[in-house]
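One structure is given here, and the rest of the page talks about it.
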Amino acid sequence: MEEKLIDILNRAQNELKEISTKDQLVDFKVKFLGKQGELTSVLRGMRDVAPEDRPKIGAMINELREKIENAYAQKEEYFNKLELEKELARGAIDITEPGKNHERGALHPTTRMFNKMIDICVAMGFKVVEGPEIESDYYNFEGLNIPKNHPSRDMQDTFFITENILLRSQTSSVQVRSMETLKPPFKIISPGRVYRNDSDATHSPVFHQLEALVVDQNVSMSDLKTMLTDIMKKIFGEETTIRFRPSFFPFTEPSVEVDVSCPTCNGKGCKVCKGTGFLELLGAGIVNPKVLEMSGIDSKKYRGFAFGFGVDRFAMVYDGITDLRNMFKNDIRFLKQMK
Amino acid sequence: MKVTYNWLKDFVDVDMSAEELAKKLTNAGMEVEEIIYLNKHLHHVVVGKILKIEKHPNADKLQVCKVDVGKEVVQIITSATNIFEGAIVPVSLEGADLINGVKISKSKLRGVESDGMFCSGEELGIDENFMPGASVNGILILPDNFVVGQSIDEALGLNDVVFDVGITPNRPDCMSVIGLAREVCAVTGAKFKKPDLSYKESIIQNDMTVELKSEKCSRYMAAVLKNVKIEKSPLKIRQRLFAVGIKPINTLVDLTNYVLIEMGQPMHAFDQKYIEGKKIVVRDGIAGEKLSVLNHNTYTLNESDLVIADINKPMVIAGVIGGTNSCISNETRDAVIESAVFDLKAIRLTSKKIGVRTDSSARYSKGVYFHSAEDGLKRFLNLISSLELGDICKGIIDENRAVPKTRDVYAKVDDINAILGTAISADDMVRILNSLQIPTKLEGDTIVANIPNFREDLENEYDLAEEVIRIYGYDVYDRGEAREAYLGWKLTQGDYGKKVVLERKIKEGLKYSGFFEAMNYSFIPPDSVSKLMLTDNRRFMIKIANPIGEELSCMRTSLAHSMLSSLAYNFSVGNKEVRLFESGKTFHPKALPLTELPIEINKISMGAYDISFAEFKACVENAVSETSLSYKLVSSKEPFLHPGVSADIVDENGEIYASFGQIHPTVAKNYNIPKTSMFAEIDLDKLLSLPEKKFVVKQVPKFPIVDRDLAIVVKEEISNSDLESAIKSACGKIFYEVKLFDVYRNKALGDGLKSMAYNIRLSNENKTLTDEEVTDTIAKVLKALKFRYGASLR
């Protein structure tokens with residue numbers, strides 16, 4: 001009996017060594033460990049063993065079974081591992097191939113700057129109002145204290161459709177429309193497209209403005225400066241400073257040009273600001289009381305201030321775009337850089 | 001406006017660097033756009049006297065000159081032929097850097113030392129008008145009275161600096177040396193020196209009369225000069241005119257120009273012998289009368305023009321340009337000098353109408369004030385009499401409507417500070433206004449400014465506030481002197497408005513679908529409507545009266561032209577997989593030519609190539625799905641889209657919200673873009689008119705969903721949407737979802753047939769579906785499809 005058991009173990013170990021497929025392993029299990037397997041038949045043979053030898057033989061059989069089972073389990077795990085490795089190898093891909101989902105697009109630099117400005121202003125309590133791009137002479141000029149044949153008309157080259165209908169040259173036209181209907185106090189911004197008959201390397205006949213108007217009691221130039229400083233910091237960063245220079249706009253008095261510290265060099269002077277440390281970026285002022293009166297607002301009771309941004313120019317400064325022509329060319333090689 | 005520093009110094013005692021003064025002026029609102037140093041290229045050039053000329057030992061064409069340059073005698077080798085012993089000439093010495101780029105250093109010419117070079121007028125940057133002999137081909141021979149050894153810039157009066165100042169339209173008074181001098185006084189604190197207006201009259205009586213017949217002229221002054229000397233002006237006059245860019249011509253012309261620059265008063269000189277009836281009539285033009293003027297053109301006038309005439313003929317288009325029939329010439333002996341105030345609107349109109357812009361019209365177009373005519377004329381006569389250029393007749397003529405009254409502007413000190421948000425003292429305000437030559441005093445708490453005639457722009461406390469702050473300095477806000485921001489501001493509610501919100505949502509969505517935002521001009525060419533094969537009233541575009549060019553002359557009625565052009569550009573440079581969108585307005589006239597404002601519609605266009613119809617369609621549908629629109633798709637009739645591969649998104653009333661699809665092959669050809677290019681136009685305004693998007697949320701199914709796939713064969717013309725709705729209705733209450741997952745075409749199926757494979761999902765709200773129920777339902781579906789669309793099971 002003992003010999004028989006040793007023989008089974010030897011054969012099992014030898015056979016197991018030879019096994020190279022999972023199917024063979026299954027056959028092996030049936031042959032040695034199955035219901036009709038050799039171990040089972042040995043167990044059946046226990047009847048023929050002398051009773052005094054039975055415990056010893058029983059222990060041997062258990063030992064034998066354990067050995068074979070362990071060897072089997074090892075082999076099985078080996079096969080599982082092999083299979084998993086194969087599967088993983090099969091599943092491996094070239095991770096450097098491009099992603100399949102379509103790459104995302106991008107908003108135009110001007111739109112992104114518009115969004116930024118509108119977000120800042122709305123958070124400060126401004127209401128967005130819009131108006132027509134083809135406008136009457138009154139709203140574009142006369143209502144802003146720019147009478148016909150007046151020298152201040154020379155400041156802008158305007159596109160005309162008829163004698164009294166034109167392409168608005170400034171979004172201030174929307175402010176005149178708004179003042180006629182809104183009751184002070186109010187804060188409005190008018191973002192939009194404007195047109196001027198001027199086309200060269202630094203002027204586009206079509207560009208975009210955002211104009212802001214605040215009408216309330218007792219507002220001042222100092223408030224204007226405070227608010228503008230705040231907005232510029234929010235656009236270009238906390239270290240931004242601004243300065244006022246006297247200027248002239250027919251609809252504001254006093255009027256100022258606003259220089260903003262160059263965001264490229266933080267005011268130290270660089271190529272972008274031509275070494276001055278500042279960029280001439282917007283115009284502002286106290287609303288001319290005549291303009292308030294024309295729109296039916298009591299200028300004795302209320303005062304206003306206004307400021308206007310050239311949004312495309314802001315966008316160019318912000319994104320470091322140097323060639324204006326790119327802004328209207330729609331070359332995706334340009335637009336893709338803003339993804 | 002160009003002025004020179006030395007000219008300014010005639011009226012104000014100021015002594016600081018040009019840069020410093022320029023900075024002060026700019027900070028006060030007189031923006032110095034450029035500082036030009038007239039002597040930039042005149043250093044190391046001096047006045048020399050040729051002592052001796054000898055032949056060069058080694059060269060036939062060269063001469064060796066001994067030249068006295070003051071401190072020493074130098075040797076100059078020259079090939080010039082117009083020099084002679086004793087000649088006074090400009091000599092450039094080592095270190096000179098001439099305007100033509102020539103740098104001078106000592107050198108040997110054919111073995112002989114040369115210390116420098118003689119200069120021509122051109123090499124000094126001057127011409128014949130500036131100095132006789134300056135344009136000859138050779139060395140500039142200077143007048144004998146030039147001081148040997150003096151530097152040439154001083155000798156020529158070019159040791160001066162020109163400021164080019166940008167003058168804002170509210171300050172026409174600063175379009176003059178005297179006006180800017182007043183500003184210099186205010187920014188430096190220096191004292192203002194009044195111009196010398198005195199002159200000596202002769203005993204000859206004035207023999208002219210003036211009749212003022214037009215409302216367009218408020219003052220007409222004239223002086224008569226006898227025995228005028230028409231010759232080259234003195235060097236100082238020529239220097240200054242040259243410096244500010246005016247060509248010197250002769251005494252009379254130069255002095256009118258000199259006064260124009262100095263006093264800001266345009267003038268005109270007539271040859272008296274051509275004035276018939278010895279009478280000047282200031283009148284409106286007579287329709288149809290013609291005048292030949294100094295620019296060699298003839299203009300036909302009408303009532304809107306102002307004319308200076310005699311008793312028989314027009315002589316001058318007032319304020320714009322003089323006629324050839326009465327102008328002065330070298331033979332003029334007696335002259336009449338006009339100094340007048342014309343209505344700026346009338347002059348602007350005429351100047352614009354005939355397209356003639358002169359220094360005079362430019363000045364009148366900005367506004368000339370009443371007293372300027374008198375000051376200007378007197379200054380002119382002062383120059384005539386001090387330079388002894390003629391006899392001034394007794395009694396100058398002054399015809400005017402009414403002398404304007406002086407006016408006071410009152411402003412409370414507190415009000416000015418309230419406008420500015422400052423705490424500037426009353427004393428400072430009074431001092432600043434007086435320094436601007438505005439006589440001002442304080443009465444109690446009120447500033448009383450007596451507004452001089454030249455400051456018609458000052459009307460109220462806001463105007464005075466601006467004068468105060470621009471001189472006081474805007475850096476007041478940086479010095480902590482200004483008050484804190486006003487805290488009493490009424491809180492206002494920020495509001496994006498519906499349009500901004502929806503537009504942003506759609507733009508963001510398109511961005512994540514791989515679209516890039518384009519931006520185009522709103523102008524398109526007239527032929528674009530043909531290129532797009534438009535047939536409806538979008539052909540009628542609004543035309544700009546003064547476009548940049550024909551290509552940019554019409555306001556777009558569709559975004560298609562812009563988008564297809566952008567695709568074409570990208571295609572032409574080889575860009576692949578292009579996806580663009582644009583948000584913009586289209587413009588639709590109610591009638592042409594426009595009598596009222598047109599209708600403007602906010603739209604969003606999309607354009608792409610290297611994209612399937614299916615993918616493009618999904619992007620368009622996603623965009624409109626930002627709204628509550630419930631829509632269906634119908635074939636589109638857009639003429640520029642492929643009739644078989646395009647659709648309109650419509651609501652139940654057939655209202656079109658968007659059209660999209662493949663570009664019509666002919667249009668693709670017209671624009672030179674790929675045949676499979678896609679385009680969409682979405683009407684943002686229509687989407688905005690829809691109610692807010694609301695959701696009716698149903699319970700998530702509690703019982704399992706059963707999937708069945710069903711492939712059928714139908715004729716090509718049967719649409720997916722018809723089949724889907726038939727499936728839905730056949731499933732009845734247990735319908736959950738249906739999705740087309742495959743379309744298959746093959747000869748084996750038969751001609752004109754296609755196989756459509758659907759995934760049908762069923763679910764019952766109350767219980768688990770049995771196999772039997774499912775099988776029955778699918779059988780019902782098949783039966784319905786067979787019955788309605790002749791479908792067969794594949």
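Order determines the names: the first chain of the structure tokens is A, the second B, and so forth; residues in each chain are numbered 1 upward, and ligands are numbered 1 upward as they are shown.
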
For this session: Pick out the residues sitting within 10 Å of Lys22 of chain A, and hand them over as a list of chain:residue names; count only C-alpha atoms, and ignore anything fewer than 5 positions along from it in its own chain.
Result: A:Asp27, A:Phe28, A:Lys75, A:Glu76, A:Tyr78, A:Phe79, A:Asn80, A:Glu83

Only C-alpha atoms, please: the residues just picked out, written as an mmCIF file, in the first residue's frame.
```
data_model
loop_
_atom_site.group_PDB
_atom_site.id
_atom_site.type_symbol
_atom_site.label_atom_id
_atom_site.label_comp_id
_atom_site.auth_asym_id
_atom_site.auth_seq_id
_atom_site.Cartn_x
_atom_site.Cartn_y
_atom_site.Cartn_z
ATOM 1 C CA ASP A 27 -7.548 16.253 -17.021
ATOM 2 C CA PHE A 28 -4.953 15.892 -14.305
ATOM 3 C CA LYS A 75 0.121 24.995 -11.229
ATOM 4 C CA GLU A 76 -3.376 26.403 -11.557
ATOM 5 C CA TYR A 78 0.629 29.701 -12.625
ATOM 6 C CA PHE A 79 -1.782 29.212 -15.483
ATOM 7 C CA ASN A 80 -4.153 31.950 -14.261
ATOM 8 C CA GLU A 83 -3.565 33.985 -18.832
#
```

Exercise. What's the 9 Å shell around segment 310-324 of chain A, counting only C-alpha atoms, without same-chain residues fewer than 4 positions away, as an MDAnalysis selection string?
Worked result: chainID A and resid 109:114 117 191 201:204 207:211 235:236 262:264 272 281:282 328 338

For this session: Point out the residue among A:Gly283, A:Pro289, A:Gly277, A:Gly269 with the least atom-to-atom distance to chain B, counting only C-alpha atoms.
Result: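 Ranked by minimum distance to chain B, first place goes to A:Pro289.
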
Exercise. Which polymer residues have any atom within 10 Å of an atom of segment 750-752 of chain B, counting only C-alpha atoms, with same-chain residues fewer than 3 positions away left out, as a PyMOL selection string?
Worked result: chain B and resi 713-717+745-747

Problem set entry | chain A contacts on chain B, only C-alpha atoms, 6 Å, as a PyMOL selection string | chain B and resi 27+29+169+345+366+419-421+462+466+470+474+485+492-496+511-520+544-545+570

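Interatomic distance, atom CA of Arg556 of chain B to atom CA of Phe581 of chain B: 16.0 Å.
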
For this session: Compile the contact shell of segment 293-299 of chain A as a ChimeraX atom specification: residues with an atom at most 7 Å away, counting only C-alpha atoms, same-chain residues fewer than 2 positions apart removed.
Result: /A:143,176,179-180,289-291,301-303

For this session: Return as a PyMOL selection string the full set of residues in segment 31-172 of chain A whose backbone-based DSSP assignment is alpha helix (DSSP H).
Result: chain A and resi 31-33+38-44+54-91+109-123+137-140+172

I need the chosen residues saved as an mmCIF file, in the first residue's frame, with C-alpha atoms.
```
data_model
loop_
_atom_site.group_PDB
_atom_site.id
_atom_site.type_symbol
_atom_site.label_atom_id
_atom_site.label_comp_id
_atom_site.auth_asym_id
_atom_site.auth_seq_id
_atom_site.Cartn_x
_atom_site.Cartn_y
_atom_site.Cartn_z
ATOM 1 C CA LYS A 31 -7.287 11.670 -12.998
ATOM 2 C CA PHE A 32 -5.877 12.102 -9.512
ATOM 3 C CA LEU A 33 -8.311 14.137 -7.424
ATOM 4 C CA GLU A 38 -6.722 7.453 -8.236
ATOM 5 C CA LEU A 39 -6.756 8.877 -4.712
ATOM 6 C CA THR A 40 -10.409 8.029 -4.310
ATOM 7 C CA SER A 41 -9.754 4.479 -5.446
ATOM 8 C CA VAL A 42 -6.888 4.206 -2.936
ATOM 9 C CA LEU A 43 -9.257 5.348 -0.224
ATOM 10 C CA ARG A 44 -11.685 2.682 -1.280
ATOM 11 C CA ARG A 54 -5.350 2.122 9.024
ATOM 12 C CA PRO A 55 -4.517 5.288 10.998
ATOM 13 C CA LYS A 56 -1.020 5.341 9.604
ATOM 14 C CA ILE A 57 -2.116 4.695 6.064
ATOM 15 C CA GLY A 58 -4.991 7.228 6.458
ATOM 16 C CA ALA A 59 -2.545 9.876 7.545
ATOM 17 C CA MET A 60 -0.321 9.056 4.613
ATOM 18 C CA ILE A 61 -3.216 9.332 2.193
ATOM 19 C CA ASN A 62 -4.209 12.739 3.597
ATOM 20 C CA GLU A 63 -0.647 13.897 3.369
ATOM 21 C CA LEU A 64 -0.505 12.659 -0.176
ATOM 22 C CA ARG A 65 -3.766 14.417 -1.098
ATOM 23 C CA GLU A 66 -2.560 17.653 0.430
ATOM 24 C CA LYS A 67 0.708 17.476 -1.498
ATOM 25 C CA ILE A 68 -1.022 16.789 -4.794
ATOM 26 C CA GLU A 69 -3.636 19.461 -4.173
ATOM 27 C CA ASN A 70 -0.976 22.053 -3.327
ATOM 28 C CA ALA A 71 1.017 21.176 -6.398
ATOM 29 C CA TYR A 72 -2.142 21.395 -8.439
ATOM 30 C CA ALA A 73 -3.107 24.755 -6.918
ATOM 31 C CA GLN A 74 0.343 26.132 -7.663
ATOM 32 C CA LYS A 75 0.121 24.995 -11.229
ATOM 33 C CA GLU A 76 -3.376 26.403 -11.557
ATOM 34 C CA GLU A 77 -2.275 29.767 -10.224
ATOM 35 C CA TYR A 78 0.629 29.701 -12.625
ATOM 36 C CA PHE A 79 -1.782 29.212 -15.483
ATOM 37 C CA ASN A 80 -4.153 31.950 -14.261
ATOM 38 C CA LYS A 81 -1.323 34.368 -13.978
ATOM 39 C CA LEU A 82 -0.111 33.457 -17.421
ATOM 40 C CA GLU A 83 -3.565 33.985 -18.832
ATOM 41 C CA LEU A 84 -3.976 37.355 -17.093
ATOM 42 C CA GLU A 85 -0.629 38.487 -18.380
ATOM 43 C CA LYS A 86 -1.596 37.450 -21.865
ATOM 44 C CA GLU A 87 -4.871 39.364 -21.556
ATOM 45 C CA LEU A 88 -3.156 42.452 -20.250
ATOM 46 C CA ALA A 89 -0.621 42.259 -23.032
ATOM 47 C CA ARG A 90 -3.399 41.872 -25.539
ATOM 48 C CA GLY A 91 -5.225 44.904 -24.051
ATOM 49 C CA PRO A 109 -10.183 86.540 -27.372
ATOM 50 C CA THR A 110 -12.603 89.462 -27.584
ATOM 51 C CA THR A 111 -15.450 87.323 -26.260
ATOM 52 C CA ARG A 112 -13.346 86.091 -23.382
ATOM 53 C CA MET A 113 -12.489 89.693 -22.464
ATOM 54 C CA PHE A 114 -16.170 90.675 -22.809
ATOM 55 C CA ASN A 115 -17.125 87.824 -20.477
ATOM 56 C CA LYS A 116 -14.530 88.867 -17.954
ATOM 57 C CA MET A 117 -15.601 92.513 -17.992
ATOM 58 C CA ILE A 118 -19.303 91.720 -17.870
ATOM 59 C CA ASP A 119 -18.791 89.313 -14.956
ATOM 60 C CA ILE A 120 -16.862 91.942 -13.015
ATOM 61 C CA CYS A 121 -19.397 94.694 -13.689
ATOM 62 C CA VAL A 122 -22.510 92.602 -13.045
ATOM 63 C CA ALA A 123 -21.019 91.575 -9.702
ATOM 64 C CA ASP A 137 -27.757 110.465 -35.630
ATOM 65 C CA TYR A 138 -29.526 111.620 -32.491
ATOM 66 C CA TYR A 139 -28.556 108.696 -30.265
ATOM 67 C CA ASN A 140 -25.032 108.436 -31.614
ATOM 68 C CA SER A 172 -22.644 105.428 -25.717
#
```

For this session: From the DSSP assignment of the backbone, select every residue of segment 330-555 of chain B that is strand (DSSP E), and format the answer as JSON, numbers by chain.
Result: {"B": [335, 336, 337, 338, 339, 340, 341, 342, 391, 392, 397, 398, 399, 400, 407, 408, 409, 410, 411, 412, 440, 441, 442, 443, 446, 447, 448, 449, 450, 451, 516, 517, 523, 524, 554, 555]}

What does the file look like for those residues with N, CA and C atoms, as a compact mmCIF listing (two decimals), in the first residue's frame?
```txt
# COMPACT_ATOMS: atom_id res chain seq x y z
N ALA B 335 -2.69 146.73 -51.11
CA ALA B 335 -3.34 145.48 -50.71
C ALA B 335 -4.41 145.74 -49.66
N VAL B 336 -5.44 144.88 -49.67
CA VAL B 336 -6.46 144.94 -48.62
C VAL B 336 -6.34 143.64 -47.82
N ILE B 337 -6.27 143.81 -46.50
CA ILE B 337 -6.08 142.65 -45.63
C ILE B 337 -7.38 142.36 -44.88
N GLU B 338 -7.86 141.14 -45.02
CA GLU B 338 -9.10 140.74 -44.36
C GLU B 338 -8.79 139.98 -43.07
N SER B 339 -9.53 140.30 -42.02
CA SER B 339 -9.45 139.53 -40.77
C SER B 339 -10.88 139.42 -40.27
N ALA B 340 -11.44 138.22 -40.32
CA ALA B 340 -12.88 138.11 -40.10
C ALA B 340 -13.24 136.93 -39.21
N VAL B 341 -14.48 136.93 -38.77
CA VAL B 341 -15.02 135.81 -38.00
C VAL B 341 -16.20 135.22 -38.79
N PHE B 342 -16.05 133.98 -39.22
CA PHE B 342 -17.11 133.32 -39.98
C PHE B 342 -17.71 132.19 -39.14
N ASP B 391 2.64 151.29 -46.19
CA ASP B 391 1.93 152.34 -45.47
C ASP B 391 0.55 151.85 -45.08
N ILE B 392 0.23 151.96 -43.81
CA ILE B 392 -1.07 151.51 -43.32
C ILE B 392 -2.05 152.68 -43.38
N ILE B 397 -11.23 149.11 -41.02
CA ILE B 397 -12.68 148.88 -41.14
C ILE B 397 -13.10 147.78 -40.18
N ASP B 398 -14.19 147.96 -39.49
CA ASP B 398 -14.70 146.95 -38.57
C ASP B 398 -16.22 146.88 -38.67
N GLU B 399 -16.69 145.95 -39.48
CA GLU B 399 -18.14 145.75 -39.60
C GLU B 399 -18.50 144.51 -38.77
N ASN B 400 -19.42 144.68 -37.83
CA ASN B 400 -19.79 143.49 -37.05
C ASN B 400 -21.24 143.52 -36.62
N ARG B 407 -19.23 137.41 -19.91
CA ARG B 407 -20.17 136.74 -19.02
C ARG B 407 -19.41 136.15 -17.84
N ASP B 408 -20.13 136.01 -16.73
CA ASP B 408 -19.54 135.43 -15.54
C ASP B 408 -20.09 134.02 -15.35
N VAL B 409 -19.23 133.12 -14.95
CA VAL B 409 -19.70 131.80 -14.56
C VAL B 409 -19.48 131.67 -13.06
N TYR B 410 -20.54 131.30 -12.35
CA TYR B 410 -20.48 131.15 -10.89
C TYR B 410 -20.41 129.68 -10.54
N ALA B 411 -19.59 129.39 -9.59
CA ALA B 411 -19.53 128.00 -9.11
C ALA B 411 -19.14 128.00 -7.65
N LYS B 412 -19.92 127.27 -6.87
CA LYS B 412 -19.58 127.16 -5.45
C LYS B 412 -18.33 126.29 -5.31
N THR B 440 -10.65 135.86 -12.33
CA THR B 440 -11.50 135.15 -11.39
C THR B 440 -11.35 135.72 -9.98
N LYS B 441 -12.47 135.80 -9.28
CA LYS B 441 -12.39 136.22 -7.88
C LYS B 441 -13.33 135.35 -7.04
N LEU B 442 -13.15 135.45 -5.73
CA LEU B 442 -13.97 134.68 -4.81
C LEU B 442 -14.97 135.62 -4.17
N GLU B 443 -16.26 135.28 -4.25
CA GLU B 443 -17.29 136.05 -3.55
C GLU B 443 -17.94 135.12 -2.56
N THR B 446 -18.33 131.39 -3.30
CA THR B 446 -18.55 131.18 -4.73
C THR B 446 -17.40 131.74 -5.57
N ILE B 447 -17.00 130.94 -6.55
CA ILE B 447 -16.00 131.36 -7.52
C ILE B 447 -16.73 132.14 -8.61
N VAL B 448 -16.25 133.34 -8.93
CA VAL B 448 -16.83 134.10 -10.03
C VAL B 448 -15.76 134.26 -11.11
N ALA B 449 -15.98 133.59 -12.23
CA ALA B 449 -15.00 133.63 -13.31
C ALA B 449 -15.55 134.48 -14.44
N ASN B 450 -14.82 135.51 -14.79
CA ASN B 450 -15.22 136.37 -15.90
C ASN B 450 -14.62 135.77 -17.17
N ILE B 451 -15.49 135.12 -17.94
CA ILE B 451 -14.98 134.30 -19.03
C ILE B 451 -14.54 135.15 -20.21
N PHE B 516 -14.48 76.64 -32.84
CA PHE B 516 -13.73 77.85 -32.49
C PHE B 516 -14.53 79.07 -32.89
N GLU B 517 -14.46 80.09 -32.06
CA GLU B 517 -15.26 81.27 -32.36
C GLU B 517 -14.57 82.18 -33.37
N PHE B 523 -19.69 93.85 -42.68
CA PHE B 523 -19.78 94.31 -44.08
C PHE B 523 -19.51 93.15 -45.02
N ILE B 524 -20.30 93.06 -46.09
CA ILE B 524 -20.02 92.05 -47.11
C ILE B 524 -20.17 92.69 -48.49
N CYS B 554 -21.79 96.52 -47.93
CA CYS B 554 -23.17 96.16 -47.59
C CYS B 554 -23.25 95.53 -46.20
N MET B 555 -24.36 95.78 -45.52
CA MET B 555 -24.57 95.18 -44.20
C MET B 555 -25.18 93.80 -44.40
```

Problem set entry | Leu109 of chain B environment, 10 Å, only C-alpha atoms, sequence neighbours closer than 4 positions dropped, as a ChimeraX atom specification | /B:56,58-59,62,64,76-78,113-114

For this session: Tell me which of B:Asn764, B:Asn257, B:Asn759, B:Thr350 sits closest to Ile778 of chain B, counting only C-alpha atoms.
Result: B:Asn759

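With atom CA of Asp415 of chain B on one side and atom CA of Met429 of chain B on the other, the separation reads 12.1 Å.
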
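The interatomic distance for the pair atom CA of Gly48 of chain B and atom CA of Ile36 of chain B works out to 26.5 Å.
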
Exercise. Val228 of chain B: which residues within 9 Å, counting only C-alpha atoms, same-chain residues fewer than 5 positions away excluded, as a PyMOL selection string?
Worked result: chain B and resi 252+332-335+389-391

Selection from above, C-alpha atoms, as a tab-separated table (two decimals), in the first residue's frame, can you write it?
```tsv
chain	number	residue	atom	x	y	z
B	252	LEU	CA	2.51	139.47	-47.36
B	332	THR	CA	0.86	144.17	-56.12
B	333	ARG	CA	1.28	147.71	-54.88
B	334	ASP	CA	-1.79	148.25	-52.73
B	335	ALA	CA	-3.34	145.48	-50.71
B	389	LEU	CA	6.73	146.79	-45.36
B	390	GLY	CA	4.16	149.40	-46.41
B	391	ASP	CA	1.93	152.34	-45.47
```
